[in-house]
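Student: My structure is in entry_21.pdb, and what it holds is PDB, C-alpha atoms:
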ATOM      1  CA  MET A  40      -2.218  -6.643  18.005
ATOM      2  CA  ALA A  41      -4.384  -7.839  15.128
ATOM      3  CA  LEU A  42      -6.219  -4.535  14.719
ATOM      4  CA  GLU A  43      -3.291  -2.751  13.086
ATOM      5  CA  TRP A  44      -3.012  -5.524  10.492
ATOM      6  CA  VAL A  45      -6.714  -5.182   9.698
ATOM      7  CA  VAL A  46      -6.315  -1.412   9.314
ATOM      8  CA  LEU A  47      -3.285  -1.882   7.066
ATOM      9  CA  GLY A  48      -5.156  -4.468   5.001
ATOM     10  CA  TYR A  49      -8.095  -2.120   4.488
ATOM     11  CA  ALA A  50      -5.768   0.741   3.557
ATOM     12  CA  ALA A  51      -3.949  -1.446   1.014
ATOM     13  CA  ALA A  52      -7.274  -2.627  -0.415
ATOM     14  CA  ALA A  53      -8.559   0.944  -0.727
ATOM     15  CA  GLU A  54      -5.351   1.973  -2.473
ATOM     16  CA  ALA A  55      -5.630  -0.985  -4.852
ATOM     17  CA  VAL A  56      -9.250  -0.152  -5.707
ATOM     18  CA  MET A  57      -8.387   3.488  -6.393
ATOM     19  CA  VAL A  58      -5.450   2.503  -8.625
ATOM     20  CA  LEU A  59      -7.711   0.090 -10.480
ATOM     21  CA  MET A  60     -10.435   2.701 -10.940
ATOM     22  CA  LEU A  61      -7.934   5.273 -12.215
ATOM     23  CA  THR A  62      -6.406   2.892 -14.749
ATOM     24  CA  LEU A  63      -9.532   1.216 -16.122
ATOM     25  CA  PRO A  64     -10.451   2.429 -19.595
ATOM     26  CA  GLY A  65     -13.951   3.704 -20.270
ATOM     27  CA  LEU A  66     -14.462   5.542 -16.993
ATOM     28  CA  ASP A  67     -13.830   8.993 -18.446
ATOM     29  CA  GLY A  68     -17.107  10.346 -17.069
ATOM     30  CA  ILE A  69     -16.191   9.788 -13.449
ATOM     31  CA  ARG A  70     -12.420  10.081 -13.809
ATOM     32  CA  ARG A  71     -12.333  13.798 -12.977
ATOM     33  CA  GLY A  72     -14.181  13.286  -9.707
ATOM     34  CA  LEU A  73     -12.138  10.213  -8.921
ATOM     35  CA  VAL A  74      -8.897  12.122  -9.483
ATOM     36  CA  ALA A  75     -10.091  14.885  -7.151
ATOM     37  CA  VAL A  76     -10.994  12.383  -4.433
ATOM     38  CA  THR A  77      -7.718  10.518  -4.869
ATOM     39  CA  ARG A  78      -5.629  13.694  -4.725
ATOM     40  CA  ASN A  79      -7.387  14.656  -1.495
ATOM     41  CA  LEU A  80      -6.735  11.201  -0.008
ATOM     42  CA  LEU A  81      -3.043  11.039  -0.872
ATOM     43  CA  LYS A  82      -1.940  13.072   2.159
ATOM     44  CA  PRO A  83      -3.951  11.038   4.710
ATOM     45  CA  PHE A  84      -2.756   7.822   3.064
ATOM     46  CA  LEU A  85       0.825   9.005   3.504
ATOM     47  CA  SER A  86       0.448   7.980   7.141
ATOM     48  CA  VAL A  87       0.597   4.397   5.866
ATOM     49  CA  VAL A  88       4.361   4.766   5.314
ATOM     50  CA  PRO A  89       5.445   5.395   8.947
ATOM     51  CA  PHE A  90       2.801   2.923  10.103
ATOM     52  CA  CYS A  91       4.358   0.267   7.857
ATOM     53  CA  LEU A  92       7.815   1.093   9.173
ATOM     54  CA  PHE A  93       6.549   0.700  12.745
ATOM     55  CA  LEU A  94       4.992  -2.662  11.913
ATOM     56  CA  LEU A  95       8.167  -3.756  10.155
ATOM     57  CA  LEU A  96      10.138  -2.937  13.302
ATOM     58  CA  ASP A  97       7.568  -4.930  15.283
ATOM     59  CA  ILE A  98       8.141  -7.953  13.042
ATOM     60  CA  TYR A  99      11.907  -7.563  13.404
ATOM     61  CA  TRP A 100      11.666  -7.300  17.187
ATOM     62  CA  LYS A 101       9.481 -10.410  17.362
ATOM     63  CA  TYR A 102      11.934 -12.238  15.118
ATOM     64  CA  GLU A 103      14.913 -11.294  17.279
ATOM     65  CA  THR A 104      13.243 -12.197  20.586
ATOM     66  CA  ARG A 105      11.577 -15.386  19.356
ATOM     67  CA  PRO A 106      12.890 -18.512  21.081
ATOM     68  CA  SER A 107      14.610 -20.830  18.655
ATOM     69  CA  CYS A 108      13.144 -24.243  18.109
ATOM     70  CA  GLU A 109      15.666 -26.375  16.296
ATOM     71  CA  GLY A 110      16.306 -30.076  16.535
ATOM     72  CA  ASP A 111      14.978 -32.077  19.480
ATOM     73  CA  SER A 112      14.949 -29.121  21.893
ATOM     74  CA  CYS A 113      11.191 -28.609  21.649
ATOM     75  CA  SER A 114       8.013 -30.629  21.501
ATOM     76  CA  PRO A 115       5.979 -31.022  18.287
ATOM     77  CA  THR A 116       3.443 -28.501  19.600
ATOM     78  CA  GLU A 117       6.128 -25.902  20.217
ATOM     79  CA  HIS A 118       7.646 -26.623  16.812
ATOM     80  CA  LEU A 119       4.234 -26.112  15.170
ATOM     81  CA  ARG A 120       3.736 -22.844  17.080
ATOM     82  CA  HIS A 121       7.182 -21.685  15.945
ATOM     83  CA  GLN A 122       6.423 -22.462  12.293
ATOM     84  CA  LYS A 123       3.039 -20.743  12.529
ATOM     85  CA  SER A 124       4.684 -17.640  13.973
ATOM     86  CA  ILE A 125       7.180 -17.552  11.110
ATOM     87  CA  MET A 126       4.384 -17.867   8.537
ATOM     88  CA  LYS A 127       2.446 -15.010  10.187
ATOM     89  CA  SER A 128       5.518 -12.797  10.090
ATOM     90  CA  GLN A 129       6.040 -13.548   6.409
ATOM     91  CA  ARG A 130       2.386 -12.829   5.646
ATOM     92  CA  ASN A 131       2.540  -9.545   7.539
ATOM     93  CA  ALA A 132       5.743  -8.521   5.762
ATOM     94  CA  LEU A 133       4.011  -9.195   2.443
ATOM     95  CA  LEU A 134       1.080  -7.034   3.552
ATOM     96  CA  ILE A 135       3.464  -4.210   4.452
ATOM     97  CA  ALA A 136       5.188  -4.454   1.081
ATOM     98  CA  SER A 137       1.881  -4.460  -0.804
ATOM     99  CA  ALA A 138       0.588  -1.416   1.108
ATOM    100  CA  LEU A 139       3.753   0.531   0.317
ATOM    101  CA  VAL A 140       3.748  -0.505  -3.355
ATOM    102  CA  PHE A 141       0.079   0.361  -3.766
ATOM    103  CA  TYR A 142       0.644   3.791  -2.194
ATOM    104  CA  TRP A 143       3.542   4.429  -4.586
ATOM    105  CA  LEU A 144       1.429   3.262  -7.544
ATOM    106  CA  LEU A 145      -1.510   5.418  -6.471
ATOM    107  CA  TYR A 146       0.712   8.479  -6.165
ATOM    108  CA  SER A 147       2.380   7.843  -9.541
ATOM    109  CA  VAL A 148      -0.825   7.074 -11.438
ATOM    110  CA  THR A 149      -2.625  10.087  -9.960
ATOM    111  CA  HIS A 150       0.276  12.331 -10.908
ATOM    112  CA  LEU A 151       0.277  10.955 -14.466
ATOM    113  CA  VAL A 152      -3.497  11.317 -14.882
ATOM    114  CA  VAL A 153      -3.338  14.941 -13.702
ATOM    115  CA  LYS A 154      -0.463  15.608 -16.095
ATOM    116  CA  ILE A 155      -2.404  14.046 -18.998
ATOM    117  CA  GLU A 156      -5.452  16.193 -18.196
ATOM    118  CA  GLN A 157      -3.300  19.322 -18.150
ATOM    119  CA  LEU A 158      -1.725  18.411 -21.482
ATOM    120  CA  ASN A 159      -5.151  17.731 -23.020
ATOM    121  CA  GLN A 160      -6.382  21.124 -21.839
ATOM    122  CA  ARG A 161      -3.295  22.748 -23.294
ATOM    123  CA  ILE A 162      -3.890  21.023 -26.659
ATOM    124  CA  GLU A 163      -7.499  22.225 -26.664
ATOM    125  CA  ARG A 164      -6.402  25.796 -25.979
ATOM    126  CA  LEU A 165      -3.866  25.639 -28.798
ATOM    127  CA  LYS A 166      -6.506  24.249 -31.177
ATOM    128  CA  ASN A 167      -8.928  27.006 -30.213
ATOM    129  CA  LYS A 168      -6.284  29.673 -30.903
ATOM    130  CA  GLU A 169      -5.829  28.482 -34.463
TER     131      GLU A 169
END
Is it possible to express this structure as structure tokens?
Tutor:
Amino acid sequence: MALEWVVLGYAAAAEAVMVLMLTLPGLDGIRRGLVAVTRNLLKPFLSVVPFCLFLLLDIYWKYETRPSCEGDSCSPTEHLRHQKSIMKSQRNALLIASALVFYWLLYSVTHLVVKIEQLNQRIERLKNKE
């Protein structure tokens, strides 16, 4: 079950790198190509959303079916395993949240960059008319 978390981690990292590249100043030379690549990758990256929902349901199911380990009902080893499982679930939930936030940021930033380019082209056309 660890493979899906690796895939989600790589997807979140790729989204973060693209957001960073789109927002860094001074990259005007490659920004047009980067915007084109990002716009083409937005639809495939949309599959991250249902994937995250599936993984969130997986975390919830594991949480609901996890045996409780409170008080003196379990050994120290079982208690440690229980705590480790809780920490993994929290880490995975954080990864899900970051992947969804980075996708939303990537979509928003790409949309804004495209809108800025269109407005700049419109300004140039108006200047050339005068």
Student: Just want the 12 Å neighbourhood of region 98-107 of chain A, counted on only C-alpha atoms, with same-chain residues fewer than 2 positions away dropped. Output as a CSV table (one decimal) with C-alpha atoms, keeping the file's coordinate frame.
Tutor:
chain,number,residue,atom,x,y,z
A,40,MET,CA,-2.2,-6.6,18.0
A,44,TRP,CA,-3.0,-5.5,10.5
A,91,CYS,CA,4.4,0.3,7.9
A,92,LEU,CA,7.8,1.1,9.2
A,93,PHE,CA,6.5,0.7,12.7
A,94,LEU,CA,5.0,-2.7,11.9
A,95,LEU,CA,8.2,-3.8,10.2
A,96,LEU,CA,10.1,-2.9,13.3
A,109,GLU,CA,15.7,-26.4,16.3
A,110,GLY,CA,16.3,-30.1,16.5
A,111,ASP,CA,15.0,-32.1,19.5
A,112,SER,CA,14.9,-29.1,21.9
A,113,CYS,CA,11.2,-28.6,21.6
A,117,GLU,CA,6.1,-25.9,20.2
A,118,HIS,CA,7.6,-26.6,16.8
A,120,ARG,CA,3.7,-22.8,17.1
A,121,HIS,CA,7.2,-21.7,15.9
A,122,GLN,CA,6.4,-22.5,12.3
A,124,SER,CA,4.7,-17.6,14.0
A,125,ILE,CA,7.2,-17.6,11.1
A,126,MET,CA,4.4,-17.9,8.5
A,127,LYS,CA,2.4,-15.0,10.2
A,128,SER,CA,5.5,-12.8,10.1
A,129,GLN,CA,6.0,-13.5,6.4
A,130,ARG,CA,2.4,-12.8,5.6
A,131,ASN,CA,2.5,-9.5,7.5
A,132,ALA,CA,5.7,-8.5,5.8
A,133,LEU,CA,4.0,-9.2,2.4
A,134,LEU,CA,1.1,-7.0,3.6
A,135,ILE,CA,3.5,-4.2,4.5
Student: Using all atoms listed in the file, can you tell me which of A:Val74, A:Val88, A:Ile69, A:Ile162 comes closest to Ser137 (chain A)?
Tutor: A:Val88
Student: Report, in Å to a single decimal, how far apart CA of Val140 (chain A) and CA of Val46 (chain A) are.
Tutor: 16.2 Å
Student: Where's the centre, and what are the edge lengths in Å to one decimal, of a box along x, y and z enclosing all listed atoms of region 143-147 of chain A padded 6 Å per side, as AutoDock Vina command-line options?
Tutor:
--center_x 1.0 --center_y 5.9 --center_z -7.1 --size_x 17.1 --size_y 17.2 --size_z 17.0
Student: Do you have the CA of Lys168 (chain A)-CA of Gly72 (chain A) distance handy?
Tutor: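 Taking CA of Lys168 (chain A) and CA of Gly72 (chain A), their separation equals 27.9 Å.
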Student: So which one's closest to Phe84 (chain A), A:Leu145, A:Leu119, A:Leu61, A:Ile155? Using all atoms listed in the file, please.
Tutor: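 Checking each of A:Leu145, A:Leu119, A:Leu61, A:Ile155 against Phe84 (chain A), counting all atoms listed in the file, the winner is A:Leu145.
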Student: How many Å lie between CA of Met60 (chain A) and CA of Gln160 (chain A), rounded to one decimal?
Tutor: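 Between CA of Met60 (chain A) and CA of Gln160 (chain A) the gap works out to 21.8 Å.
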Student: So, counting all atoms listed in the file, which residue among A:Glu156, A:Glu54, A:Asp67, A:Glu163 is closest to Trp143 (chain A)?
Tutor: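 Ranked by minimum distance to Trp143 (chain A), first place goes to A:Glu54.
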Student: Which residue gives the smallest distance to Ala50 (chain A) among A:Leu139, A:Leu158, A:Leu165, A:His150, with only C-alpha atoms counted?
Tutor: A:Leu139
Student: Let me make sure I understand: among A:Ala41, A:Leu47, A:Val153, A:Leu73, which one has the smallest atom-to-atom distance to Ser86 (chain A) if we use only C-alpha atoms?
Tutor: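 Answer, going by the shortest atom-to-atom distance: A:Leu47.
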Student: With distances taken over only C-alpha atoms, which residue among A:Leu144, A:Asp97, A:Lys154, A:Cys108 lies nearest Met57 (chain A)?
Tutor: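 Looking at the shortest contact to Met57 (chain A), the residue is A:Leu144.
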